[in-house]
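S.K.: Contents of structure21.txt (compact mmCIF, C-alpha atoms) are given next:
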# COMPACT_ATOMS: atom_id res chain seq x y z
CA MET A 1 119.51 142.00 120.90
CA ASN A 2 121.36 144.26 123.28
CA ASN A 3 123.14 147.44 122.33
CA LYS A 4 126.64 145.91 122.50
CA LYS A 5 125.79 143.22 119.94
CA LEU A 6 124.14 145.78 117.65
CA PHE A 7 127.21 148.03 117.88
CA LYS A 8 129.54 145.14 116.91
CA ILE A 9 127.37 144.25 113.89
CA ILE A 10 127.42 147.87 112.70
CA LEU A 11 131.23 147.99 113.03
CA ILE A 12 131.65 144.75 111.05
CA VAL A 13 129.29 145.87 108.27
CA GLY A 14 131.00 149.27 108.13
CA ALA A 15 134.45 147.67 107.88
CA VAL A 16 133.27 145.40 105.04
CA VAL A 17 131.75 148.32 103.16
CA LEU A 18 134.92 150.40 103.62
CA PHE A 19 137.10 147.49 102.45
CA LEU A 20 134.97 147.02 99.32
CA PHE A 21 135.06 150.77 98.66
CA LEU A 22 138.85 150.88 98.92
CA ILE A 23 139.16 147.92 96.55
CA ALA A 24 136.90 149.66 94.02
CA MET A 25 138.79 152.96 94.25
CA GLY A 26 142.14 151.18 93.99
CA TYR A 27 141.06 149.37 90.82
CA TYR A 28 140.13 152.67 89.25
CA TYR A 29 143.13 154.75 90.32
CA PHE A 30 145.89 152.14 90.33
CA PRO A 31 146.46 152.44 86.52
CA PHE A 32 146.95 156.16 86.88
CA PHE A 33 149.98 155.61 89.07
CA CYS A 34 151.32 152.48 87.37
CA GLY A 35 150.46 153.10 83.74
CA GLN A 36 148.59 149.80 83.23
CA ASN A 37 145.23 148.51 81.98
CA GLY A 38 145.11 150.81 78.91
CA GLN A 39 143.28 153.58 80.82
CA ASP A 40 143.35 157.18 79.57
CA LYS A 41 145.36 158.12 82.63
CA LEU A 42 148.53 156.18 81.74
CA VAL A 43 151.83 157.63 82.84
CA GLU A 44 153.81 159.04 79.88
CA PRO A 45 156.75 156.73 78.93
CA THR A 46 160.29 158.11 78.96
CA ILE A 47 161.54 158.62 75.37
CA LYS A 48 165.18 157.71 74.81
CA THR A 49 167.01 159.02 71.77
CA ILE A 50 169.05 156.24 70.15
CA PHE A 51 172.02 157.49 68.12
CA SER A 52 172.19 155.78 64.74
CA ARG A 53 175.56 155.55 63.02
CA SER A 54 175.56 156.50 59.37
CA CYS A 55 177.85 157.75 56.61
CA PRO A 56 177.08 159.88 53.53
CA ASN A 57 176.50 158.18 50.19
CA GLY A 58 179.78 157.03 48.70
CA TYR A 59 181.49 156.84 52.10
CA THR A 60 182.54 153.78 54.09
CA MET A 61 182.23 153.44 57.86
CA VAL A 62 185.47 152.56 59.65
CA GLU A 63 184.90 151.38 63.22
CA LYS A 64 187.20 151.24 66.21
CA ASN A 65 188.25 147.70 67.10
CA ASP A 66 191.10 145.74 68.65
CA ASN A 67 193.14 146.08 65.46
CA ASN A 68 193.15 149.87 65.19
CA ALA A 69 192.26 151.23 68.66
CA TYR A 70 195.70 152.84 69.02
CA PHE A 71 194.84 155.44 66.38
CA PHE A 72 191.52 156.31 68.03
CA ASN A 73 193.12 156.71 71.46
CA LYS A 74 195.73 159.32 70.49
CA GLU A 75 194.80 162.69 71.99
CA SER A 76 196.27 164.52 69.00
CA SER A 77 194.08 162.62 66.53
CA PHE A 78 190.80 163.63 64.87
CA LEU A 79 189.63 160.24 66.08
CA PHE A 80 190.21 160.83 69.79
CA GLY A 81 187.08 160.07 71.79
CA LYS A 82 185.27 158.61 68.76
CA ASP A 83 184.51 155.03 67.84
CA TYR A 84 184.07 155.42 64.08
CA PHE A 85 184.61 157.71 61.12
CA CYS A 86 183.61 157.83 57.46
CA VAL A 87 185.96 157.75 54.49
CA MET A 88 185.45 158.09 50.74
CA THR A 89 184.91 154.59 49.41
CA TYR A 90 186.63 155.65 46.17
CA GLU A 91 189.35 158.10 45.21
CA ALA A 92 187.99 161.64 44.87
CA LYS A 93 186.23 162.26 41.55
CA CYS A 94 184.91 165.40 39.87
CA ASP A 95 181.18 166.03 39.34
CA VAL A 96 180.98 169.26 37.37
CA ASP A 97 177.40 168.68 36.18
CA ASN A 98 176.22 167.75 39.70
CA ASP A 99 174.50 164.52 38.65
CA LYS A 100 176.12 162.60 41.55
CA ILE A 101 178.18 160.57 39.08
CA GLY A 102 181.90 161.02 38.63
CA ASP A 103 182.96 162.70 35.39
CA TYR A 104 185.62 162.09 32.76
CA PRO A 105 187.72 164.93 31.33
CA SER A 106 186.39 164.50 27.77
CA GLU A 107 184.05 162.49 25.57
CA GLU A 108 186.88 160.03 25.17
CA GLY A 109 187.27 159.83 28.92
CA LEU A 110 185.90 156.33 29.10
CA LEU A 111 189.08 155.19 27.41
CA ARG A 112 191.82 153.80 29.59
CA GLY A 113 194.39 156.02 31.18
CA GLN A 114 192.17 159.05 31.71
CA SER A 115 192.43 161.16 34.87
CA PHE A 116 190.82 164.49 35.72
CA ASN A 117 193.14 167.45 36.30
CA TRP A 118 192.21 169.54 39.33
CA SER A 119 192.48 172.73 37.27
CA ASP A 120 189.49 171.53 35.20
CA CYS A 121 187.39 170.66 38.23
CA LYS A 122 185.61 172.68 40.90
CA ALA A 123 186.07 172.36 44.63
CA SER A 124 182.31 172.20 45.22
CA SER A 125 181.89 169.22 42.91
CA ILE A 126 184.13 166.66 44.62
CA ILE A 127 182.39 163.33 45.21
CA SER A 128 183.08 159.68 45.96
CA SER A 129 181.84 157.64 43.01
CA PRO A 130 182.88 154.40 41.27
CA ASP A 131 182.41 156.18 37.95
CA GLY A 132 184.63 158.92 36.61
CA ALA A 133 188.35 159.54 36.46
CA PRO A 134 190.25 160.20 39.70
CA VAL A 135 191.22 163.81 40.28
CA VAL A 136 194.99 164.34 39.95
CA SER A 137 197.52 167.16 39.62
CA ILE A 138 196.36 168.66 42.88
CA THR A 139 198.52 169.99 45.72
CA GLN A 140 198.06 168.92 49.30
CA GLU A 141 196.92 172.44 50.11
CA GLU A 142 194.24 172.30 47.40
CA ALA A 143 193.16 168.83 48.49
CA LYS A 144 192.65 170.08 52.04
CA GLU A 145 190.51 172.97 50.81
CA ALA A 146 188.49 170.68 48.53
CA CYS A 147 187.59 168.37 51.42
CA LEU A 148 186.79 171.22 53.81
CA GLY A 149 184.50 172.68 51.13
CA ILE A 150 182.22 169.64 51.18
CA GLY A 151 180.80 170.57 54.57
CA GLU A 152 181.12 170.35 58.34
CA GLY A 153 183.31 167.53 59.61
CA TYR A 154 184.92 166.80 56.24
CA HIS A 155 188.70 166.93 55.87
CA LEU A 156 191.58 165.41 53.94
CA ILE A 157 192.20 161.94 55.37
CA THR A 158 194.83 161.98 58.11
CA ASN A 159 197.63 159.50 58.71
CA ASP A 160 195.85 158.20 61.81
CA GLU A 161 192.72 157.52 59.77
CA TRP A 162 194.69 155.89 56.98
CA MET A 163 196.52 153.71 59.50
CA ALA A 164 193.26 152.75 61.24
CA ILE A 165 192.02 151.46 57.90
CA ALA A 166 195.31 149.73 57.08
CA ARG A 167 195.54 147.91 60.40
CA ASP A 168 191.93 146.76 60.04
CA VAL A 169 192.45 145.64 56.41
CA GLU A 170 195.57 143.72 57.38
CA ASN A 171 193.60 141.56 59.81
CA VAL A 172 190.87 140.43 57.38
CA ASN A 173 191.55 137.07 55.71
CA GLN A 174 189.67 138.03 52.53
CA ASN A 175 192.39 140.58 51.73
CA TRP A 176 195.14 137.97 51.50
CA ASN A 177 196.29 135.67 48.71
CA GLU A 178 198.10 133.13 50.84
CA ASN A 179 200.77 135.28 52.56
CA VAL A 180 200.48 138.32 50.26
CA LEU A 181 198.17 141.25 51.03
CA PHE A 182 196.25 142.27 47.91
CA ARG A 183 197.49 145.28 45.96
CA GLY A 184 195.29 147.08 43.47
CA ASN A 185 196.21 148.62 40.11
CA SER A 186 199.98 148.83 40.49
CA GLU A 187 201.44 146.90 37.55
CA LYS A 188 200.04 148.80 34.55
CA ARG A 189 200.94 151.99 32.74
CA TYR A 190 197.63 153.74 33.14
CA VAL A 191 195.09 154.71 35.77
CA VAL A 192 191.77 152.82 35.88
CA SER A 193 188.22 153.94 36.68
CA GLY A 194 184.87 152.33 37.40
CA PHE A 195 185.14 148.61 38.12
CA GLU A 196 187.87 147.88 35.58
CA ARG A 197 190.34 145.29 36.82
CA ALA A 198 188.44 145.11 40.13
CA SER A 199 189.83 141.71 41.12
CA ASN A 200 191.47 138.78 39.38
CA GLY A 201 192.39 136.55 42.29
CA ILE A 202 195.98 137.80 42.34
CA SER A 203 195.25 141.48 42.93
CA SER A 204 192.20 143.38 44.14
CA ARG A 205 191.36 147.05 43.92
CA TYR A 206 188.94 146.71 46.83
CA LEU A 207 189.84 145.71 50.38
CA TYR A 208 187.55 144.54 53.17
CA LEU A 209 187.24 145.98 56.65
CA SER A 210 186.42 143.76 59.62
CA ASN A 211 182.84 145.13 59.66
CA GLY A 212 182.28 143.88 56.08
CA ASN A 213 182.57 147.30 54.42
CA ILE A 214 185.04 147.90 51.59
CA VAL A 215 187.36 150.64 50.35
CA TRP A 216 188.71 151.00 46.81
CA ASP A 217 192.14 151.92 45.42
CA MET A 218 194.01 152.51 48.66
CA SER A 219 196.81 150.34 47.33
CA GLY A 220 197.77 151.58 43.86
CA ASN A 221 196.02 153.50 41.05
CA VAL A 222 196.97 157.04 42.21
CA TRP A 223 199.01 158.25 45.16
CA GLU A 224 196.86 159.98 47.77
CA TRP A 225 197.66 163.03 49.84
CA ILE A 226 197.51 162.67 53.63
CA GLY A 227 196.60 165.68 55.74
CA ASP A 228 199.78 165.48 57.83
CA THR A 229 202.97 167.47 57.29
CA ILE A 230 206.33 167.26 59.05
CA LYS A 231 209.61 169.13 58.89
CA GLN A 232 212.50 167.26 57.39
CA LYS A 233 214.68 166.71 60.40
CA ASN A 234 215.89 163.78 62.48
CA GLN A 235 215.84 161.89 59.20
CA PRO A 236 217.69 158.70 58.37
CA PRO A 237 220.92 159.36 56.44
CA TYR A 238 219.84 157.74 53.18
CA SER A 239 217.53 158.25 50.21
CA GLY A 240 215.53 155.86 48.05
CA TRP A 241 213.05 153.02 48.49
CA TYR A 242 213.19 150.96 51.68
CA GLU A 243 211.05 148.49 53.56
CA VAL A 244 208.41 150.24 55.66
CA ASN A 245 209.65 148.66 58.87
CA ARG A 246 213.05 150.32 58.30
CA LEU A 247 211.74 153.58 59.75
CA ASN A 248 212.41 154.08 63.44
CA ASP A 249 212.16 157.84 63.70
CA TYR A 250 211.42 160.55 61.17
CA GLY A 251 210.45 163.85 62.70
CA LEU A 252 207.12 163.40 64.41
CA LEU A 253 206.54 159.90 63.07
CA GLY A 254 207.57 156.59 64.60
CA ILE A 255 207.30 153.10 63.21
CA GLU A 256 204.02 152.46 65.06
CA ASN A 257 202.42 155.27 63.00
CA VAL A 258 203.74 154.01 59.69
CA SER A 259 204.13 150.27 59.43
CA SER A 260 202.23 147.01 59.67
CA GLY A 261 201.39 145.64 63.09
CA ASN A 262 203.61 142.69 62.15
CA LEU A 263 207.15 144.01 61.72
CA ASN A 264 208.17 140.80 59.99
CA TYR A 265 206.06 141.74 56.96
CA SER A 266 207.78 143.42 54.01
CA SER A 267 207.00 144.33 50.40
CA ILE A 268 207.17 140.61 49.62
CA ASN A 269 203.99 140.34 51.66
CA GLY A 270 202.31 143.11 49.64
CA ILE A 271 202.31 145.83 52.30
CA GLY A 272 204.32 148.32 50.18
CA LYS A 273 207.47 150.34 50.66
CA LEU A 274 208.80 153.58 52.08
CA PHE A 275 210.44 156.34 50.05
CA LEU A 276 212.90 158.57 51.90
CA THR A 277 214.82 161.57 50.67
CA PHE A 278 217.89 162.87 52.47
CA SER A 279 218.67 166.60 52.59
CA PRO A 280 221.19 167.46 55.34
CA ASN A 281 220.29 170.38 57.60
CA SER A 282 217.06 171.00 55.68
CA GLU A 283 213.97 172.40 57.40
CA ARG A 284 211.80 171.93 54.32
CA MET A 285 208.19 171.04 55.09
CA LYS A 286 207.16 167.63 53.77
CA ALA A 287 203.64 166.41 53.05
CA LEU A 288 202.80 162.72 53.23
CA LEU A 289 201.60 160.53 50.36
CA ARG A 290 200.32 156.98 50.77
CA GLY A 291 199.29 153.93 48.74
CA GLY A 292 201.44 154.14 45.61
CA SER A 293 200.28 154.44 41.99
CA TRP A 294 199.59 152.39 38.89
CA GLY A 295 203.22 151.77 37.97
CA ASP A 296 204.81 151.19 41.37
CA VAL A 297 204.49 147.37 41.28
CA ASP A 298 205.61 145.92 44.65
CA ARG A 299 206.37 149.39 45.99
CA ALA A 300 202.60 150.02 46.13
CA GLY A 301 200.68 148.81 49.16
CA ILE A 302 198.32 149.81 51.94
CA TYR A 303 201.33 150.92 54.04
CA THR A 304 203.31 152.60 51.25
CA LEU A 305 204.55 156.05 52.31
CA ASP A 306 206.39 158.78 50.42
CA PHE A 307 208.24 161.67 52.11
CA LEU A 308 209.49 163.32 48.91
CA ASN A 309 206.94 166.06 48.18
CA SER A 310 206.14 169.44 49.69
CA PRO A 311 202.52 170.62 50.27
CA SER A 312 202.64 172.72 47.07
CA ASP A 313 203.81 169.92 44.75
CA TYR A 314 201.46 168.26 42.26
CA HIS A 315 201.75 165.49 39.68
CA GLU A 316 199.56 163.56 37.27
CA TYR A 317 199.83 160.48 39.50
CA ILE A 318 198.75 162.16 42.78
CA GLY A 319 195.10 162.31 43.90
CA PHE A 320 193.33 162.42 47.27
CA ARG A 321 190.51 161.11 49.45
CA CYS A 322 188.36 162.86 52.06
CA ALA A 323 187.12 161.65 55.43
CA LYS A 324 184.37 162.80 57.79
CA THR A 325 184.09 162.73 61.57
CA TYR A 326 181.11 163.55 63.78
In structure tokens, what does this structure look like?

M.R.:
Amino acid sequence: MNNKKLFKIILIVGAVVLFLFLIAMGYYYFPFFCGQNGQDKLVEPTIKTIFSRSCPNGYTMVEKNDNNAYFFNKESSFLFGKDYFCVMTYEAKCDVDNDKIGDYPSEEGLLRGQSFNWSDCKASSIISSPDGAPVVSITQEEAKEACLGIGEGYHLITNDEWMAIARDVENVNQNWNENVLFRGNSEKRYVVSGFERASNGISSRYLYLSNGNIVWDMSGNVWEWIGDTIKQKNQPPYSGWYEVNRLNDYGLLGIENVSSGNLNYSSINGIGKLFLTFSPNSERMKALLRGGSWGDVDRAGIYTLDFLNSPSDYHEYIGFRCAKTY
């Protein structure tokens, strides 16, 4: 064998050995770079934080959808840039003993017609509970403070939030009895608590949202303060009860911020009515009330709105409800 042949053999053997060596090294180190094979040298995975929507106990989640997007898209709204908020499932109740259950004003409180005066409650004990008597005789100013006192993000429900709920409720078939939107406790002479008179097929104290959640007593039982105020100007020249779609302009409000999405609906369809009060040349501040109360009959409804009261007024038929944004 000459030297040339020997040199070629050595080159071939060397190439084979090098190829086998590279294969062996690649098998060992490849997992380090690719994170495979269960080796100790796996590449650390990237951890992604997934935001989970949630609401406090006793609160209902209201989500942005095609029915109510207008109220989430307003730059002046608490809802701007958000896609959901939380609202008290029930009218605000008092929890003086902090047992997370709504209270009654006396031992006889379980009897019908009992409500809880704000003067006998404490701001730090406001909760959303099916039990207990709704808090009443509270001013809008006090209701705002009570909601703010619960914690960060809590506030008295705004008109935009109320309307977002109303527009969603209106578009859920379960809330209708043929062509009439369910009203709650609006044909009796007393307030109700707990699950009394929840639903009888003709009326319903609870209303469904499109996401399957429910809210209670937003149509009847007690009037509820809204966080908005306006000055009494540019008002229609009349007083009294009118159909909600009668309002075209009232200060800072327009019909799109007040009425049903279907302007053909009226109180006959269970949406409620509008109460206006006319005071020429008045600059008096007005606070908004919505929903109606236990004795308002067809005037009560999810769109019912009252312009009569000032932020410092209070009555035994006026309560409130808080909301929370994140």

S.K.: Identify, on the basis of all atoms listed in the file, every residue whose closest approach to segment 305-322 of chain A does not exceed 8 Å; exclude the query and any residue fewer than 5 positions from it along the same chain; express the result as an mmCIF file with C-alpha atoms, in the frame of the given file.

M.R.:
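Heads up, here's the output in selection02.cif:
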data_model
loop_
_atom_site.group_PDB
_atom_site.id
_atom_site.type_symbol
_atom_site.label_atom_id
_atom_site.label_comp_id
_atom_site.auth_asym_id
_atom_site.auth_seq_id
_atom_site.Cartn_x
_atom_site.Cartn_y
_atom_site.Cartn_z
ATOM 1 C CA VAL A 87 185.960 157.750 54.490
ATOM 2 C CA MET A 88 185.450 158.090 50.740
ATOM 3 C CA TYR A 90 186.630 155.650 46.170
ATOM 4 C CA GLU A 91 189.350 158.100 45.210
ATOM 5 C CA ALA A 92 187.990 161.640 44.870
ATOM 6 C CA SER A 115 192.430 161.160 34.870
ATOM 7 C CA ASN A 117 193.140 167.450 36.300
ATOM 8 C CA PRO A 134 190.250 160.200 39.700
ATOM 9 C CA VAL A 135 191.220 163.810 40.280
ATOM 10 C CA VAL A 136 194.990 164.340 39.950
ATOM 11 C CA SER A 137 197.520 167.160 39.620
ATOM 12 C CA ILE A 138 196.360 168.660 42.880
ATOM 13 C CA THR A 139 198.520 169.990 45.720
ATOM 14 C CA GLN A 140 198.060 168.920 49.300
ATOM 15 C CA GLU A 141 196.920 172.440 50.110
ATOM 16 C CA ALA A 143 193.160 168.830 48.490
ATOM 17 C CA CYS A 147 187.590 168.370 51.420
ATOM 18 C CA TYR A 154 184.920 166.800 56.240
ATOM 19 C CA HIS A 155 188.700 166.930 55.870
ATOM 20 C CA LEU A 156 191.580 165.410 53.940
ATOM 21 C CA ILE A 157 192.200 161.940 55.370
ATOM 22 C CA VAL A 222 196.970 157.040 42.210
ATOM 23 C CA TRP A 223 199.010 158.250 45.160
ATOM 24 C CA GLU A 224 196.860 159.980 47.770
ATOM 25 C CA TRP A 225 197.660 163.030 49.840
ATOM 26 C CA ILE A 226 197.510 162.670 53.630
ATOM 27 C CA THR A 229 202.970 167.470 57.290
ATOM 28 C CA VAL A 244 208.410 150.240 55.660
ATOM 29 C CA VAL A 258 203.740 154.010 59.690
ATOM 30 C CA LYS A 273 207.470 150.340 50.660
ATOM 31 C CA LEU A 274 208.800 153.580 52.080
ATOM 32 C CA PHE A 275 210.440 156.340 50.050
ATOM 33 C CA LEU A 276 212.900 158.570 51.900
ATOM 34 C CA THR A 277 214.820 161.570 50.670
ATOM 35 C CA ARG A 284 211.800 171.930 54.320
ATOM 36 C CA MET A 285 208.190 171.040 55.090
ATOM 37 C CA LYS A 286 207.160 167.630 53.770
ATOM 38 C CA ALA A 287 203.640 166.410 53.050
ATOM 39 C CA LEU A 288 202.800 162.720 53.230
ATOM 40 C CA LEU A 289 201.600 160.530 50.360
ATOM 41 C CA ARG A 290 200.320 156.980 50.770
ATOM 42 C CA GLY A 291 199.290 153.930 48.740
ATOM 43 C CA GLY A 292 201.440 154.140 45.610
ATOM 44 C CA SER A 293 200.280 154.440 41.990
#

S.K.: Using only C-alpha atoms, pick whichever of A:Gly151, A:Pro105, A:Gly272, A:Gly194 has the shortest atom-to-atom distance to Ser260 of chain A.

M.R.: A:Gly272

S.K.: Extract, using only C-alpha atoms, all DNA, RNA and protein residues at most 9 Å from segment 119-133 of chain A, discarding same-chain residues fewer than 5 positions from it, and format them as a PyMOL selection string.

M.R.: chain A and resi 57-59+88-98+100-105+109-110+113-114+138+142-143+145-147+149-150+191-195+216+321-322

S.K.: Please compute the atom CA of Gly301 of chain A-atom CA of Pro56 of chain A distance, one decimal, in Å.

M.R.: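 According to the coordinates, atom CA of Gly301 of chain A and atom CA of Pro56 of chain A are separated by 26.4 Å.
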
S.K.: Find, counting only C-alpha atoms, the residue in A:Gly153, A:Gly81, A:Gly295, A:Gly261 that gets nearest to Lys324 of chain A.

M.R.: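 Under the stated criterion, the closest residue is A:Gly153.
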
S.K.: What does the distance from atom CA of Arg246 of chain A to atom CA of Ala166 of chain A come to in Å, to one decimal?

M.R.: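 Those two atoms sit 17.8 Å apart.
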
S.K.: Report, in Å to a single decimal, how far apart atom CA of Val180 of chain A and atom CA of Ser259 of chain A are.

M.R.: 15.5 Å

S.K.: Pick out the closest residue to Asn177 of chain A from this set: A:Asn264, A:Asn67, A:Asn269, A:Asn257. Count all atoms listed in the file.

M.R.: A:Asn269

S.K.: When you look at segment 83-86 of chain A with a cut-off of 7 Å (counting all atoms listed in the file), what residues show up, excluding the ones that are within fewer than 4 positions of it in the same chain? I need them as a list of chain:residue names.

M.R.: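 Listed by chain and then number, they are A:Cys55, A:Tyr59, A:Thr60, A:Met61, A:Val62, A:Glu63, A:Lys64, A:Ala323, A:Lys324, A:Thr325.
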
S.K.: Using all atoms listed in the file, which residues sit within 9 Å of Leu79 of chain A once same-chain residues fewer than 6 positions away are excluded, as number ranges by chain?

M.R.: A: 71-73, 85, 160-161, 325

S.K.: Can you patch up segment 168-195 of chain A, filling it in to N, CA and C atoms, and show the result as a compact mmCIF listing (two decimals), keeping the file's coordinate frame?

M.R.:
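Final output, saved to rebuild-v2.txt:
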# COMPACT_ATOMS: atom_id res chain seq x y z
N ASP A 168 193.14 147.56 60.12
CA ASP A 168 191.93 146.76 60.04
C ASP A 168 191.98 145.84 58.82
N VAL A 169 192.34 146.40 57.66
CA VAL A 169 192.45 145.64 56.41
C VAL A 169 193.42 144.47 56.57
N GLU A 170 194.53 144.73 57.22
CA GLU A 170 195.57 143.72 57.38
C GLU A 170 195.06 142.48 58.12
N ASN A 171 194.08 142.66 58.97
CA ASN A 171 193.60 141.56 59.81
C ASN A 171 192.35 140.87 59.28
N VAL A 172 192.02 141.10 58.00
CA VAL A 172 190.87 140.43 57.38
C VAL A 172 191.38 139.41 56.37
N ASN A 173 191.04 138.15 56.55
CA ASN A 173 191.55 137.07 55.71
C ASN A 173 191.23 137.25 54.24
N GLN A 174 190.08 137.86 53.92
CA GLN A 174 189.67 138.03 52.53
C GLN A 174 190.62 138.92 51.73
N ASN A 175 191.47 139.66 52.42
CA ASN A 175 192.39 140.58 51.73
C ASN A 175 193.74 139.93 51.41
N TRP A 176 193.86 138.64 51.69
CA TRP A 176 195.14 137.97 51.50
C TRP A 176 195.05 136.88 50.45
N ASN A 177 196.09 136.79 49.63
CA ASN A 177 196.29 135.67 48.71
C ASN A 177 197.46 134.87 49.27
N GLU A 178 197.11 133.85 50.05
CA GLU A 178 198.10 133.13 50.84
C GLU A 178 198.79 134.11 51.79
N ASN A 179 200.08 134.38 51.64
CA ASN A 179 200.77 135.28 52.56
C ASN A 179 201.06 136.65 51.96
N VAL A 180 200.29 137.03 50.92
CA VAL A 180 200.48 138.32 50.26
C VAL A 180 199.19 139.14 50.36
N LEU A 181 199.30 140.33 50.93
CA LEU A 181 198.17 141.25 51.03
C LEU A 181 197.88 141.82 49.65
N PHE A 182 196.61 141.81 49.25
CA PHE A 182 196.25 142.27 47.91
C PHE A 182 196.70 143.71 47.66
N ARG A 183 197.27 143.94 46.50
CA ARG A 183 197.49 145.28 45.96
C ARG A 183 196.48 145.49 44.85
N GLY A 184 196.22 146.77 44.54
CA GLY A 184 195.29 147.08 43.47
C GLY A 184 196.00 147.28 42.14
N ASN A 185 195.63 148.33 41.43
CA ASN A 185 196.21 148.62 40.11
C ASN A 185 197.60 149.21 40.30
N SER A 186 198.62 148.37 40.24
CA SER A 186 199.98 148.83 40.49
C SER A 186 200.99 148.25 39.50
N GLU A 187 200.53 147.53 38.50
CA GLU A 187 201.44 146.90 37.55
C GLU A 187 201.09 147.25 36.11
N LYS A 188 200.40 148.36 35.89
CA LYS A 188 200.04 148.80 34.55
C LYS A 188 200.56 150.21 34.31
N ARG A 189 200.42 150.67 33.09
CA ARG A 189 200.94 151.99 32.74
C ARG A 189 199.83 153.04 32.64
N TYR A 190 198.71 152.76 33.21
CA TYR A 190 197.63 153.74 33.14
C TYR A 190 196.73 153.60 34.38
N VAL A 191 196.05 154.69 34.69
CA VAL A 191 195.09 154.71 35.77
C VAL A 191 193.82 154.01 35.30
N VAL A 192 193.03 153.46 36.24
CA VAL A 192 191.77 152.82 35.88
C VAL A 192 190.62 153.50 36.63
N SER A 193 189.42 153.34 36.10
CA SER A 193 188.22 153.94 36.68
C SER A 193 187.12 152.89 36.73
N GLY A 194 185.99 153.26 37.32
CA GLY A 194 184.87 152.33 37.40
C GLY A 194 185.30 151.03 38.08
N PHE A 195 184.83 149.91 37.53
CA PHE A 195 185.14 148.61 38.12
C PHE A 195 186.16 147.84 37.29
